[in-house]
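The file run-v8.txt comes next; it holds compact mmCIF, C-alpha atoms and all ligand atoms.
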```txt
# COMPACT_ATOMS: atom_id res chain seq x y z
CA MET V 1 16.70 9.93 -37.50
CA THR V 2 20.43 9.28 -38.02
CA ASP V 3 21.92 11.35 -40.80
CA LEU V 4 24.16 9.20 -43.03
CA PHE V 5 26.10 12.33 -43.93
CA ASP V 6 26.99 13.09 -40.32
CA SER V 7 30.31 12.06 -38.83
CA TYR V 8 30.78 8.67 -37.15
CA THR V 9 33.50 7.27 -34.91
CA LEU V 10 34.71 3.82 -35.97
CA GLY V 11 36.92 2.14 -33.37
CA GLY V 12 38.09 5.59 -32.27
CA LEU V 13 38.69 6.74 -35.86
CA PRO V 14 36.63 9.81 -36.84
CA LEU V 15 34.89 9.36 -40.20
CA LYS V 16 33.30 12.23 -42.12
CA ASN V 17 30.14 10.26 -42.83
CA ARG V 18 28.68 6.74 -42.75
CA LEU V 19 29.30 5.93 -46.40
CA VAL V 20 32.00 3.37 -47.13
CA ILE V 21 33.67 2.28 -50.36
CA ALA V 22 33.43 -1.51 -50.65
CA PRO V 23 36.66 -3.28 -51.62
CA MET V 24 37.02 -3.66 -55.38
CA THR V 25 39.78 -5.45 -57.25
CA ARG V 26 40.68 -3.46 -60.36
CA SER V 27 43.79 -5.36 -61.46
CA ARG V 28 45.89 -2.34 -62.29
CA ALA V 29 49.08 -3.22 -60.43
CA PRO V 30 51.28 -4.77 -63.14
CA GLN V 31 54.13 -5.64 -60.74
CA HIS V 32 51.81 -6.46 -57.80
CA ILE V 33 52.84 -3.08 -56.35
CA ALA V 34 50.31 -0.28 -55.82
CA THR V 35 50.94 2.54 -58.31
CA GLU V 36 50.57 6.33 -58.50
CA GLN V 37 47.48 5.80 -60.65
CA MET V 38 45.91 3.76 -57.86
CA ALA V 39 46.76 6.54 -55.40
CA LEU V 40 44.95 9.01 -57.65
CA HIS V 41 41.93 6.69 -57.95
CA TYR V 42 41.56 6.42 -54.19
CA ALA V 43 42.24 10.13 -53.53
CA GLN V 44 39.49 11.04 -56.02
CA ARG V 45 37.06 9.09 -53.82
CA ALA V 46 38.26 10.32 -50.41
CA THR V 47 35.03 12.14 -49.55
CA ALA V 48 33.67 8.74 -48.52
CA GLY V 49 33.71 8.21 -44.77
CA LEU V 50 35.97 5.18 -45.22
CA ILE V 51 37.74 3.63 -48.19
CA ILE V 52 38.41 -0.10 -48.06
CA THR V 53 40.98 -0.99 -50.69
CA GLU V 54 40.77 -3.77 -53.20
CA GLY V 55 41.96 -7.15 -51.91
CA THR V 56 45.72 -7.05 -51.35
CA SER V 57 47.64 -10.34 -51.10
CA ILE V 58 49.26 -11.18 -47.77
CA SER V 59 51.75 -13.53 -49.48
CA ARG V 60 52.67 -14.86 -52.90
CA GLU V 61 50.84 -18.05 -51.89
CA GLY V 62 47.70 -16.02 -51.19
CA GLN V 63 47.48 -14.58 -54.69
CA GLY V 64 44.92 -15.77 -57.23
CA TYR V 65 45.07 -13.14 -59.92
CA LEU V 66 47.72 -11.38 -61.95
CA PHE V 67 48.03 -7.60 -61.59
CA VAL V 68 46.58 -7.37 -58.07
CA PRO V 69 48.63 -5.59 -55.41
CA GLY V 70 50.28 -7.29 -52.45
CA ILE V 71 51.47 -6.14 -49.04
CA TYR V 72 54.22 -8.60 -48.14
CA SER V 73 57.36 -6.89 -49.55
CA GLN V 74 58.95 -3.53 -48.77
CA GLU V 75 58.36 -2.36 -52.38
CA GLN V 76 54.67 -3.11 -51.92
CA VAL V 77 54.60 -1.16 -48.64
CA GLN V 78 56.24 1.79 -50.43
CA GLY V 79 53.70 1.54 -53.25
CA TRP V 80 50.78 1.64 -50.83
CA LYS V 81 52.29 4.71 -49.09
CA LEU V 82 51.44 6.68 -52.24
CA ALA V 83 47.76 5.83 -51.76
CA THR V 84 47.58 6.38 -48.00
CA ASP V 85 49.45 9.72 -48.25
CA SER V 86 47.22 10.91 -51.09
CA VAL V 87 44.01 9.92 -49.31
CA HIS V 88 45.10 11.44 -46.00
CA SER V 89 46.23 14.67 -47.67
CA VAL V 90 42.62 15.29 -48.71
CA GLY V 91 41.14 14.23 -45.36
CA GLY V 92 40.10 10.65 -46.16
CA LYS V 93 40.47 7.43 -44.18
CA ILE V 94 41.61 4.14 -45.67
CA PHE V 95 41.78 0.46 -44.60
CA ALA V 96 43.61 -2.27 -46.53
CA GLN V 97 41.75 -5.47 -47.32
CA LEU V 98 44.03 -8.42 -46.45
CA TRP V 99 43.51 -11.31 -48.82
CA HIS V 100 44.46 -14.97 -49.08
CA VAL V 101 42.56 -16.69 -51.88
CA GLY V 102 43.37 -20.25 -50.80
CA ARG V 103 42.26 -22.64 -53.54
CA VAL V 104 41.04 -19.90 -55.91
CA SER V 105 44.48 -19.81 -57.52
CA HIS V 106 46.53 -21.52 -60.18
CA THR V 107 49.91 -23.24 -60.30
CA SER V 108 51.18 -20.56 -62.74
CA LEU V 109 50.76 -17.95 -59.97
CA GLN V 110 52.48 -19.94 -57.26
CA LEU V 111 56.18 -20.12 -56.49
CA ASP V 112 57.86 -22.88 -58.57
CA GLY V 113 54.47 -23.89 -60.01
CA ARG V 114 53.32 -25.41 -56.72
CA ALA V 115 49.71 -26.29 -55.98
CA PRO V 116 47.68 -23.59 -54.20
CA VAL V 117 46.79 -24.31 -50.56
CA SER V 118 43.42 -24.66 -48.85
CA ALA V 119 41.67 -26.26 -45.88
CA SER V 120 41.41 -29.48 -47.91
CA ASN V 121 42.44 -30.85 -51.28
CA LYS V 122 38.98 -30.28 -52.78
CA ALA V 123 39.15 -28.26 -55.99
CA ALA V 124 36.74 -25.38 -56.60
CA GLN V 125 34.56 -26.58 -59.46
CA GLY V 126 33.80 -24.27 -62.36
CA VAL V 127 35.99 -21.53 -60.90
CA THR V 128 38.69 -19.59 -62.69
CA ALA V 129 41.76 -17.75 -61.45
CA PHE V 130 43.61 -15.20 -63.57
CA GLY V 131 47.08 -16.54 -64.29
CA TYR V 132 49.14 -17.69 -67.25
CA THR V 133 47.54 -19.92 -69.86
CA GLU V 134 49.39 -22.87 -71.40
CA SER V 135 50.75 -20.57 -74.09
CA GLY V 136 52.21 -18.31 -71.38
CA GLU V 137 49.75 -15.47 -71.94
CA PRO V 138 47.81 -13.83 -69.08
CA GLY V 139 44.27 -15.19 -69.04
CA GLU V 140 41.54 -17.03 -67.19
CA VAL V 141 42.62 -20.48 -66.05
CA PRO V 142 40.69 -23.13 -64.09
CA ALA V 143 41.52 -23.01 -60.38
CA SER V 144 44.09 -25.76 -59.69
CA THR V 145 43.47 -28.64 -57.29
CA PRO V 146 44.82 -27.42 -53.94
CA ARG V 147 46.91 -29.09 -51.29
CA ALA V 148 45.57 -29.13 -47.70
CA LEU V 149 47.70 -27.02 -45.35
CA THR V 150 49.34 -29.06 -42.60
CA THR V 151 48.47 -28.11 -39.03
CA ASP V 152 51.86 -26.40 -38.57
CA GLU V 153 51.52 -24.51 -41.83
CA VAL V 154 48.24 -22.98 -40.67
CA ALA V 155 50.19 -21.17 -37.95
CA ARG V 156 52.49 -19.78 -40.64
CA VAL V 157 49.50 -18.45 -42.62
CA VAL V 158 48.16 -16.83 -39.43
CA GLU V 159 51.55 -15.13 -39.05
CA ASP V 160 51.43 -14.01 -42.71
CA PHE V 161 48.14 -12.21 -41.95
CA ALA V 162 49.67 -10.59 -38.84
CA GLN V 163 52.79 -9.47 -40.72
CA ALA V 164 50.67 -8.08 -43.55
CA ALA V 165 48.67 -6.08 -40.98
CA ALA V 166 51.90 -4.67 -39.49
CA ASN V 167 53.04 -3.82 -43.03
CA ALA V 168 49.73 -2.06 -43.66
CA VAL V 169 50.24 0.15 -40.63
CA ASP V 170 53.81 0.87 -41.82
CA ALA V 171 52.31 1.85 -45.17
CA GLY V 172 50.12 4.41 -43.40
CA PHE V 173 46.78 2.61 -43.46
CA ASP V 174 44.29 3.54 -40.73
CA GLY V 175 43.49 -0.14 -40.28
CA VAL V 176 42.90 -3.44 -42.05
CA GLU V 177 39.94 -5.50 -43.15
CA ILE V 178 40.55 -9.26 -42.99
CA HIS V 179 38.96 -10.82 -46.07
CA GLY V 180 36.86 -13.59 -44.60
CA ALA V 181 34.26 -13.53 -47.40
CA ASN V 182 33.53 -14.57 -50.97
CA GLY V 183 34.82 -18.15 -50.99
CA TYR V 184 38.47 -17.47 -50.21
CA LEU V 185 40.74 -19.19 -47.66
CA ILE V 186 38.92 -18.20 -44.47
CA GLU V 187 35.57 -19.39 -45.87
CA GLN V 188 37.22 -22.59 -47.06
CA PHE V 189 38.00 -23.31 -43.40
CA LEU V 190 34.52 -22.25 -42.20
CA ASN V 191 32.58 -24.39 -44.64
CA PRO V 192 32.19 -28.04 -43.53
CA LEU V 193 31.55 -29.13 -47.12
CA VAL V 194 34.97 -27.85 -48.17
CA ASN V 195 36.92 -28.36 -44.93
CA ASP V 196 37.29 -32.11 -44.30
CA ARG V 197 40.12 -31.80 -41.78
CA THR V 198 40.44 -33.97 -38.69
CA ASP V 199 42.90 -31.75 -36.77
CA ARG V 200 42.25 -28.77 -34.47
CA TYR V 201 40.82 -26.86 -37.47
CA ALA V 202 38.23 -29.52 -38.37
CA ALA V 203 34.87 -28.18 -39.46
CA SER V 204 32.93 -30.95 -37.76
CA ASN V 205 32.53 -28.97 -34.54
CA LEU V 206 31.94 -25.28 -34.02
CA ALA V 207 34.99 -24.32 -31.94
CA ASP V 208 37.37 -26.01 -34.37
CA ARG V 209 35.56 -24.59 -37.39
CA LEU V 210 36.06 -21.08 -36.00
CA ARG V 211 39.63 -21.65 -34.83
CA PHE V 212 41.44 -20.48 -37.96
CA VAL V 213 39.52 -17.24 -38.45
CA LEU V 214 39.73 -16.35 -34.76
CA GLU V 215 43.45 -17.11 -34.67
CA VAL V 216 43.91 -14.74 -37.61
CA VAL V 217 41.86 -12.05 -35.86
CA ASP V 218 43.76 -12.52 -32.59
CA ALA V 219 47.15 -12.38 -34.29
CA VAL V 220 46.22 -9.25 -36.25
CA CYS V 221 44.75 -7.56 -33.16
CA ALA V 222 47.88 -8.41 -31.14
CA ARG V 223 50.04 -6.76 -33.82
CA ILE V 224 48.11 -3.58 -34.59
CA GLY V 225 45.36 -3.22 -31.94
CA ALA V 226 41.74 -4.40 -32.15
CA GLN V 227 40.38 -0.91 -32.83
CA ARG V 228 42.16 -0.91 -36.21
CA VAL V 229 40.73 -4.27 -37.29
CA GLY V 230 37.67 -5.13 -39.33
CA ILE V 231 36.61 -8.33 -41.05
CA ARG V 232 34.47 -9.06 -44.08
CA ILE V 233 32.13 -12.06 -44.09
CA SER V 234 29.53 -13.35 -46.55
CA PRO V 235 27.07 -15.66 -44.81
CA TYR V 236 24.84 -17.47 -47.34
CA GLY V 237 27.36 -16.53 -50.02
CA ARG V 238 28.02 -19.11 -52.72
CA LEU V 239 30.76 -17.40 -54.65
CA PHE V 240 33.60 -19.63 -55.88
CA ASP V 241 31.87 -22.93 -55.28
CA MET V 242 30.88 -22.41 -51.65
CA PRO V 243 27.97 -24.77 -50.99
CA ASP V 244 25.26 -23.88 -48.46
CA PHE V 245 25.63 -25.84 -45.24
CA PRO V 246 23.13 -26.48 -42.44
CA GLU V 247 25.11 -24.73 -39.70
CA ILE V 248 25.40 -21.30 -41.39
CA ASP V 249 23.49 -19.33 -38.73
CA GLU V 250 25.12 -21.08 -35.80
CA THR V 251 28.59 -20.51 -37.33
CA TYR V 252 28.20 -16.81 -38.04
CA LEU V 253 26.43 -16.00 -34.78
CA ALA V 254 29.22 -17.64 -32.80
CA LEU V 255 31.76 -15.82 -34.95
CA CYS V 256 30.09 -12.44 -34.32
CA GLU V 257 30.02 -13.15 -30.61
CA GLY V 258 33.75 -13.98 -30.66
CA LEU V 259 34.53 -10.86 -32.69
CA SER V 260 32.55 -8.67 -30.32
CA GLU V 261 34.45 -10.09 -27.34
CA ARG V 262 37.67 -9.10 -29.05
CA GLY V 263 36.45 -5.52 -29.51
CA ILE V 264 37.33 -5.18 -33.19
CA ALA V 265 36.21 -2.05 -35.02
CA TYR V 266 33.72 -3.61 -37.41
CA VAL V 267 32.19 -6.58 -39.17
CA HIS V 268 31.49 -5.95 -42.85
CA VAL V 269 28.79 -8.19 -44.28
CA SER V 270 28.82 -8.75 -48.02
CA ASP V 271 25.30 -9.42 -49.28
CA GLN V 272 25.66 -11.44 -52.46
CA ASN V 273 21.92 -11.56 -53.17
CA GLY V 274 21.33 -9.87 -56.46
CA PHE V 275 24.95 -9.13 -57.29
CA PHE V 276 25.96 -12.68 -57.96
CA LEU V 277 22.59 -13.69 -59.45
CA LEU V 278 21.78 -16.72 -57.39
CA ASP V 279 19.16 -19.30 -58.31
CA GLU V 280 15.40 -19.61 -57.58
CA SER V 281 15.97 -19.98 -53.83
CA VAL V 282 17.08 -16.34 -53.60
CA ALA V 283 13.89 -15.12 -51.94
CA VAL V 284 14.08 -17.71 -49.18
CA GLN V 285 17.77 -16.95 -48.78
CA GLU V 286 17.15 -13.25 -48.52
CA GLN V 287 14.78 -13.76 -45.61
CA ALA V 288 17.27 -16.00 -43.86
CA PHE V 289 20.02 -13.50 -44.58
CA VAL V 290 18.14 -10.55 -43.09
CA ARG V 291 17.20 -12.58 -40.02
CA LEU V 292 20.83 -13.54 -39.52
CA LEU V 293 21.98 -9.94 -40.04
CA LYS V 294 19.64 -8.83 -37.26
CA HIS V 295 20.92 -11.49 -34.88
CA CYS V 296 24.54 -10.69 -35.75
CA LYS V 297 23.90 -7.02 -34.97
CA GLU V 298 22.53 -8.01 -31.55
CA LYS V 299 25.67 -10.04 -30.83
CA LEU V 300 28.08 -7.35 -31.97
CA GLY V 301 27.62 -4.83 -29.17
CA THR V 302 29.99 -1.91 -29.76
CA THR V 303 31.55 -3.50 -32.85
CA ALA V 304 30.06 -1.70 -35.86
CA LEU V 305 28.20 -3.47 -38.65
CA ILE V 306 28.74 -2.46 -42.27
CA LEU V 307 26.59 -3.88 -45.06
CA ALA V 308 27.42 -3.94 -48.79
CA GLY V 309 25.49 -5.14 -51.82
CA ASN V 310 23.01 -3.30 -54.03
CA MET V 311 22.99 -0.38 -51.62
CA THR V 312 20.95 2.74 -52.30
CA LEU V 313 20.63 5.83 -50.17
CA GLU V 314 17.05 4.89 -49.27
CA ARG V 315 17.96 1.34 -48.30
CA ALA V 316 20.94 2.56 -46.28
CA GLN V 317 18.77 5.07 -44.45
CA ASP V 318 16.10 2.47 -43.69
CA LEU V 319 18.64 -0.05 -42.41
CA VAL V 320 20.41 2.52 -40.21
CA ASP V 321 17.09 3.82 -38.88
CA ALA V 322 16.00 0.27 -38.10
CA GLY V 323 19.22 -0.19 -36.13
CA LEU V 324 20.26 -3.08 -38.40
CA ILE V 325 23.52 -1.54 -39.62
CA ASP V 326 25.85 1.32 -38.64
CA LEU V 327 27.50 2.09 -41.96
CA ALA V 328 26.58 1.46 -45.60
CA ALA V 329 29.08 0.34 -48.22
CA PHE V 330 28.73 1.00 -51.93
CA GLY V 331 30.79 -0.81 -54.54
CA GLN V 332 30.02 -0.23 -58.22
CA PRO V 333 28.39 3.19 -57.72
CA PHE V 334 31.79 4.50 -56.54
CA ILE V 335 33.49 3.27 -59.73
CA ALA V 336 31.80 5.83 -61.96
CA ASN V 337 30.94 8.43 -59.32
CA PRO V 338 34.09 9.52 -57.47
CA ASP V 339 31.94 12.16 -55.75
CA LEU V 340 29.17 9.69 -54.86
CA VAL V 341 28.72 11.23 -51.41
CA ALA V 342 27.92 14.68 -52.85
CA ARG V 343 25.69 13.18 -55.54
CA LEU V 344 23.65 11.23 -53.00
CA LYS V 345 23.45 14.18 -50.63
CA ASN V 346 22.25 16.56 -53.31
CA GLY V 347 20.11 14.14 -55.29
CA TRP V 348 22.32 14.58 -58.35
CA PRO V 349 22.20 11.94 -61.10
CA LEU V 350 24.52 8.94 -61.01
CA THR V 351 26.79 7.84 -63.86
CA THR V 352 26.61 4.16 -64.85
CA PRO V 353 29.98 2.37 -64.68
CA ASP V 354 31.45 0.67 -67.74
CA ARG V 355 31.84 -3.04 -66.91
CA ASP V 356 34.38 -3.58 -69.67
CA THR V 357 36.92 -1.51 -67.75
CA TYR V 358 36.36 -3.05 -64.31
CA TYR V 359 39.45 -5.25 -64.42
CA GLY V 360 42.86 -4.35 -65.85
CA GLY V 361 43.57 -1.91 -68.61
CA THR V 362 44.47 1.73 -68.44
CA ALA V 363 43.32 4.98 -66.87
CA LYS V 364 40.10 4.62 -68.87
CA GLY V 365 37.23 3.68 -66.58
CA TYR V 366 39.51 4.07 -63.58
CA VAL V 367 40.62 7.66 -62.98
CA ASP V 368 38.73 9.48 -65.77
CA TYR V 369 35.22 9.62 -64.27
CA SER V 370 34.45 13.26 -63.47
CA PRO V 371 32.66 14.75 -60.50
CA TYR V 372 29.18 16.07 -61.25
CA VAL V 373 29.01 19.74 -62.17
CA PRO V 374 25.59 21.24 -61.37
CA VAL V 375 24.26 23.56 -64.06
C1 LIG T 401 34.99 -4.92 -59.94
C2 LIG T 401 34.70 -5.54 -58.60
C3 LIG T 401 35.74 -6.01 -57.83
C4 LIG T 401 35.49 -6.54 -56.54
N1 LIG T 401 36.55 -6.92 -55.76
C5 LIG T 401 36.35 -7.29 -54.47
C6 LIG T 401 37.45 -7.49 -53.59
O1 LIG T 401 38.63 -7.32 -53.95
N2 LIG T 401 37.16 -7.87 -52.32
C7 LIG T 401 35.88 -8.06 -51.88
O2 LIG T 401 35.66 -8.41 -50.71
N3 LIG T 401 34.82 -7.83 -52.69
C8 LIG T 401 35.02 -7.42 -53.95
N4 LIG T 401 33.94 -7.11 -54.76
C9 LIG T 401 32.57 -7.09 -54.19
C10 LIG T 401 32.21 -5.66 -53.71
O3 LIG T 401 32.98 -5.29 -52.59
C11 LIG T 401 30.72 -5.51 -53.34
O4 LIG T 401 30.43 -6.37 -52.27
C12 LIG T 401 29.81 -5.83 -54.51
O5 LIG T 401 30.22 -5.08 -55.67
C13 LIG T 401 28.35 -5.51 -54.20
O6 LIG T 401 28.20 -4.14 -53.93
P1 LIG T 401 27.56 -3.12 -55.04
O7 LIG T 401 26.23 -3.70 -55.41
O8 LIG T 401 27.47 -1.82 -54.32
O9 LIG T 401 28.51 -3.09 -56.19
C14 LIG T 401 34.16 -6.62 -56.06
C15 LIG T 401 33.12 -6.17 -56.87
C16 LIG T 401 33.37 -5.61 -58.11
C17 LIG T 401 32.24 -5.08 -58.94
```
For the structure just supplied, provide its representation as structure tokens.
Ligand SMILES: Cc1cc2nc3c(=O)[nH]c(=O)nc-3n(C[C@H](O)[C@H](O)[C@H](O)COP(=O)(O)O)c2cc1C
Amino acid sequence: MTDLFDSYTLGGLPLKNRLVIAPMTRSRAPQHIATEQMALHYAQRATAGLIITEGTSISREGQGYLFVPGIYSQEQVQGWKLATDSVHSVGGKIFAQLWHVGRVSHTSLQLDGRAPVSASNKAAQGVTAFGYTESGEPGEVPASTPRALTTDEVARVVEDFAQAAANAVDAGFDGVEIHGANGYLIEQFLNPLVNDRTDRYAASNLADRLRFVLEVVDAVCARIGAQRVGIRISPYGRLFDMPDFPEIDETYLALCEGLSERGIAYVHVSDQNGFFLLDESVAVQEQAFVRLLKHCKEKLGTTALILAGNMTLERAQDLVDAGLIDLAAFGQPFIANPDLVARLKNGWPLTTPDRDTYYGGTAKGYVDYSPYVPV
């Protein structure tokens, strides 16, 4: 039986254990620059095998929320150095999640009030971004109708990802995770019900549908080396108005095959079942999801598979023992349990996180959760 608390080598990087912190936006970067408080937050959690940071914007255009950090300016690189230095000084490992939200944005967040960009000009229905309201106050605002990127502009976005990856390495990160999940730009290209393009990125055939994501992966690998690259995907995910489409399995299996050929470090699957409270078809979806996960694992070869979503120690152990995953990611449990690894290992009780302090605010609910003290 594989011990989750034993060390693991991820793309040549030694990890202390197989427990990973899932990326979590906490909206505590007032100037879009990572702060000392964020460095403390991550350092407190560095006993995890791997920390994946909250989504960090690869460009101003790629931003959909106020107070999230970016990684496209020198000030932002300096800000992130605080976090990478702090985490490394206590023996942790940390990847930056590279994020372009595409259409999940608002004109008030974009340069000169421009429209956000996407694979098409289809607006995300019933979706909010976090920008400036009409009265100029920060608040939830409906995602604006996007403008479809031109074919030439797509190459520029690919370069923005590559530059952000180079910046991440300059900032001291051990690697990057390309955010290809949760309804953001990469999924907007993958989904044929959102992408209505007729150019080389058209969703109507498989190779073209995969072209954008694989160009991003190739550009990032060329800049920082495939062993430092991971990607997050969310097959069957419906977050931010992503409709189900008939070719889901075919798309993600071909993607996993392509990623394996490139020899990237890992594929991180975000399981939205449960977390995002889907409708009555959840059970059917879950079966399809697990079947797809198994087939993806078969395609991936030496590329590791990480799974996140409602993880427990028991579930993680079962999935690793069954050979379905290599590493297990925990999100919310790490919010309130900075020492989650020790708590799971020793069977100590877990603290429940306070949802009201998930996004924005102060140190409260962010750096003031204590490690467990056995009596
Ligand atoms: C507060 C919060 C912020 C999140 N931010 C991100 C993010 O920036 N990028 C991302 O890929 N997923 C994000 N997620 C999803 C988590 O990474 C994870 O997949 C989800 O919380 C399910 O795992 P859990 O059940 O262990 O919490 C976020 C989740 C939460 C609760």
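Those residues that approach Thr35 in chain V to within 12 Å, counting only C-alpha atoms, are Ser27, Arg28, Ala29, Pro30, Gln31, His32, Met38, Ala39, Leu40, His41, Tyr42, Phe67, Val68, Pro69, Gly70, Glu75, Gln76, Val77, Gln78, Gly79, Trp80, Lys81, Leu82, Ala83, Thr84, Ser86 and Ala363 of chain V; same-chain residues fewer than 3 positions away are not listed.
Residues of protein, DNA or RNA lying at most 6 Å from ligand LIG 401 (chain T), when all atoms listed in the file are considered, are Ala22, Pro23, Met24, Thr25, Arg26, Glu54, Gly55, Ser270, Phe275, Ala308, Gly309, Asn310, Met311, Phe330, Gly331, Gln332 and Tyr358 of chain V.
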Excluding range 6-9 of chain V and residues on its chain fewer than 6 positions from it, collect all residues at most 8 Å away from it, counting all atoms listed in the file, and give them as a compact mmCIF listing (two decimals) with C-alpha atoms, keeping the file's coordinate frame.
```
# COMPACT_ATOMS: atom_id res chain seq x y z
CA LEU V 15 34.89 9.36 -40.20
CA LYS V 16 33.30 12.23 -42.12
CA ASN V 17 30.14 10.26 -42.83
CA ARG V 18 28.68 6.74 -42.75
CA GLY V 49 33.71 8.21 -44.77
```
Enclose range 35-46 of chain V, meaning all of its atoms listed in the file, in a box aligned along x, y and z, pad it by 4 Å on each side, and list the centre and edge lengths in Å to one decimal, as JSON.
```
{"center_x": 44.0, "center_y": 6.8, "center_z": -55.5, "size_x": 21.9, "size_y": 16.5, "size_z": 18.2}
```
Would you tabulate, counting all atoms listed in the file, all residues of range 219-241 of chain V that have an atom at most 12 Å from an atom of range 188-202 of chain V, showing the closest pair of atoms and their distance in Å to one decimal, sorted by chain then ascending number, as a Markdown table?
```
| residue | atom | partner | partner_atom | distance |
| --- | --- | --- | --- | --- |
| V:Ile233 | CA | V:Leu190 | CA | 10.6 |
| V:Ser234 | CA | V:Leu190 | CA | 11.1 |
| V:Pro235 | CA | V:Leu190 | CA | 10.3 |
| V:Tyr236 | CA | V:Asn191 | CA | 10.7 |
| V:Gly237 | CA | V:Asn191 | CA | 10.9 |
| V:Arg238 | CA | V:Asn191 | CA | 10.7 |
| V:Leu239 | CA | V:Gln188 | CA | 11.2 |
| V:Phe240 | CA | V:Gln188 | CA | 10.0 |
| V:Asp241 | CA | V:Val194 | CA | 9.2 |
```
**Request:** Quick one: pull the distance between CA of Arg45 in chain V and CA of Asp339 in chain V, Å, one decimal.
**Result:** 6.3 Å
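Closest to Gln285 in chain V among V:Tyr132, V:Leu350, V:Gln272, V:Gly102 is V:Gln272, based on only C-alpha atoms.
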Completed range 149-154 of chain V (all heavy atoms) as a PDB file, in the coordinates of the input:
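Output file part-v3.pdb follows:
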```pdb
ATOM      1  N   LEU V 149      46.643 -27.504 -46.243  1.00  0.00           N
ATOM      2  CA  LEU V 149      47.700 -27.020 -45.350  1.00  0.00           C
ATOM      3  C   LEU V 149      47.886 -28.001 -44.202  1.00  0.00           C
ATOM      4  O   LEU V 149      46.890 -28.512 -43.653  1.00  0.00           O
ATOM      5  CB  LEU V 149      47.305 -25.653 -44.774  1.00  0.00           C
ATOM      6  CG  LEU V 149      47.388 -24.453 -45.719  1.00  0.00           C
ATOM      7  CD1 LEU V 149      46.537 -23.299 -45.183  1.00  0.00           C
ATOM      8  CD2 LEU V 149      48.834 -24.004 -45.914  1.00  0.00           C
ATOM      9  N   THR V 150      49.122 -28.244 -43.797  1.00  0.00           N
ATOM     10  CA  THR V 150      49.340 -29.060 -42.600  1.00  0.00           C
ATOM     11  C   THR V 150      48.986 -28.205 -41.378  1.00  0.00           C
ATOM     12  O   THR V 150      48.891 -26.975 -41.472  1.00  0.00           O
ATOM     13  CB  THR V 150      50.808 -29.501 -42.470  1.00  0.00           C
ATOM     14  OG1 THR V 150      51.600 -28.316 -42.277  1.00  0.00           O
ATOM     15  CG2 THR V 150      51.278 -30.251 -43.705  1.00  0.00           C
ATOM     16  N   THR V 151      48.831 -28.845 -40.245  1.00  0.00           N
ATOM     17  CA  THR V 151      48.470 -28.110 -39.030  1.00  0.00           C
ATOM     18  C   THR V 151      49.524 -27.037 -38.716  1.00  0.00           C
ATOM     19  O   THR V 151      49.181 -25.896 -38.399  1.00  0.00           O
ATOM     20  CB  THR V 151      48.343 -29.089 -37.840  1.00  0.00           C
ATOM     21  OG1 THR V 151      47.472 -30.144 -38.238  1.00  0.00           O
ATOM     22  CG2 THR V 151      47.788 -28.410 -36.604  1.00  0.00           C
ATOM     23  N   ASP V 152      50.790 -27.377 -38.850  1.00  0.00           N
ATOM     24  CA  ASP V 152      51.860 -26.400 -38.570  1.00  0.00           C
ATOM     25  C   ASP V 152      51.836 -25.246 -39.576  1.00  0.00           C
ATOM     26  O   ASP V 152      52.103 -24.104 -39.217  1.00  0.00           O
ATOM     27  CB  ASP V 152      53.239 -27.059 -38.611  1.00  0.00           C
ATOM     28  CG  ASP V 152      53.430 -27.978 -37.421  1.00  0.00           C
ATOM     29  OD1 ASP V 152      52.638 -27.882 -36.465  1.00  0.00           O
ATOM     30  OD2 ASP V 152      54.363 -28.802 -37.476  1.00  0.00           O
ATOM     31  N   GLU V 153      51.545 -25.561 -40.810  1.00  0.00           N
ATOM     32  CA  GLU V 153      51.520 -24.510 -41.830  1.00  0.00           C
ATOM     33  C   GLU V 153      50.411 -23.489 -41.567  1.00  0.00           C
ATOM     34  O   GLU V 153      50.544 -22.323 -41.929  1.00  0.00           O
ATOM     35  CB  GLU V 153      51.285 -25.114 -43.217  1.00  0.00           C
ATOM     36  CG  GLU V 153      52.513 -25.728 -43.850  1.00  0.00           C
ATOM     37  CD  GLU V 153      52.159 -26.346 -45.195  1.00  0.00           C
ATOM     38  OE1 GLU V 153      51.130 -27.056 -45.281  1.00  0.00           O
ATOM     39  OE2 GLU V 153      52.895 -26.129 -46.147  1.00  0.00           O
ATOM     40  N   VAL V 154      49.327 -23.926 -40.948  1.00  0.00           N
ATOM     41  CA  VAL V 154      48.240 -22.980 -40.670  1.00  0.00           C
ATOM     42  C   VAL V 154      48.771 -21.847 -39.782  1.00  0.00           C
ATOM     43  O   VAL V 154      48.462 -20.668 -40.009  1.00  0.00           O
ATOM     44  CB  VAL V 154      47.028 -23.684 -40.011  1.00  0.00           C
ATOM     45  CG1 VAL V 154      45.937 -22.669 -39.690  1.00  0.00           C
ATOM     46  CG2 VAL V 154      46.472 -24.763 -40.923  1.00  0.00           C
TER      47      VAL V 154
END
```
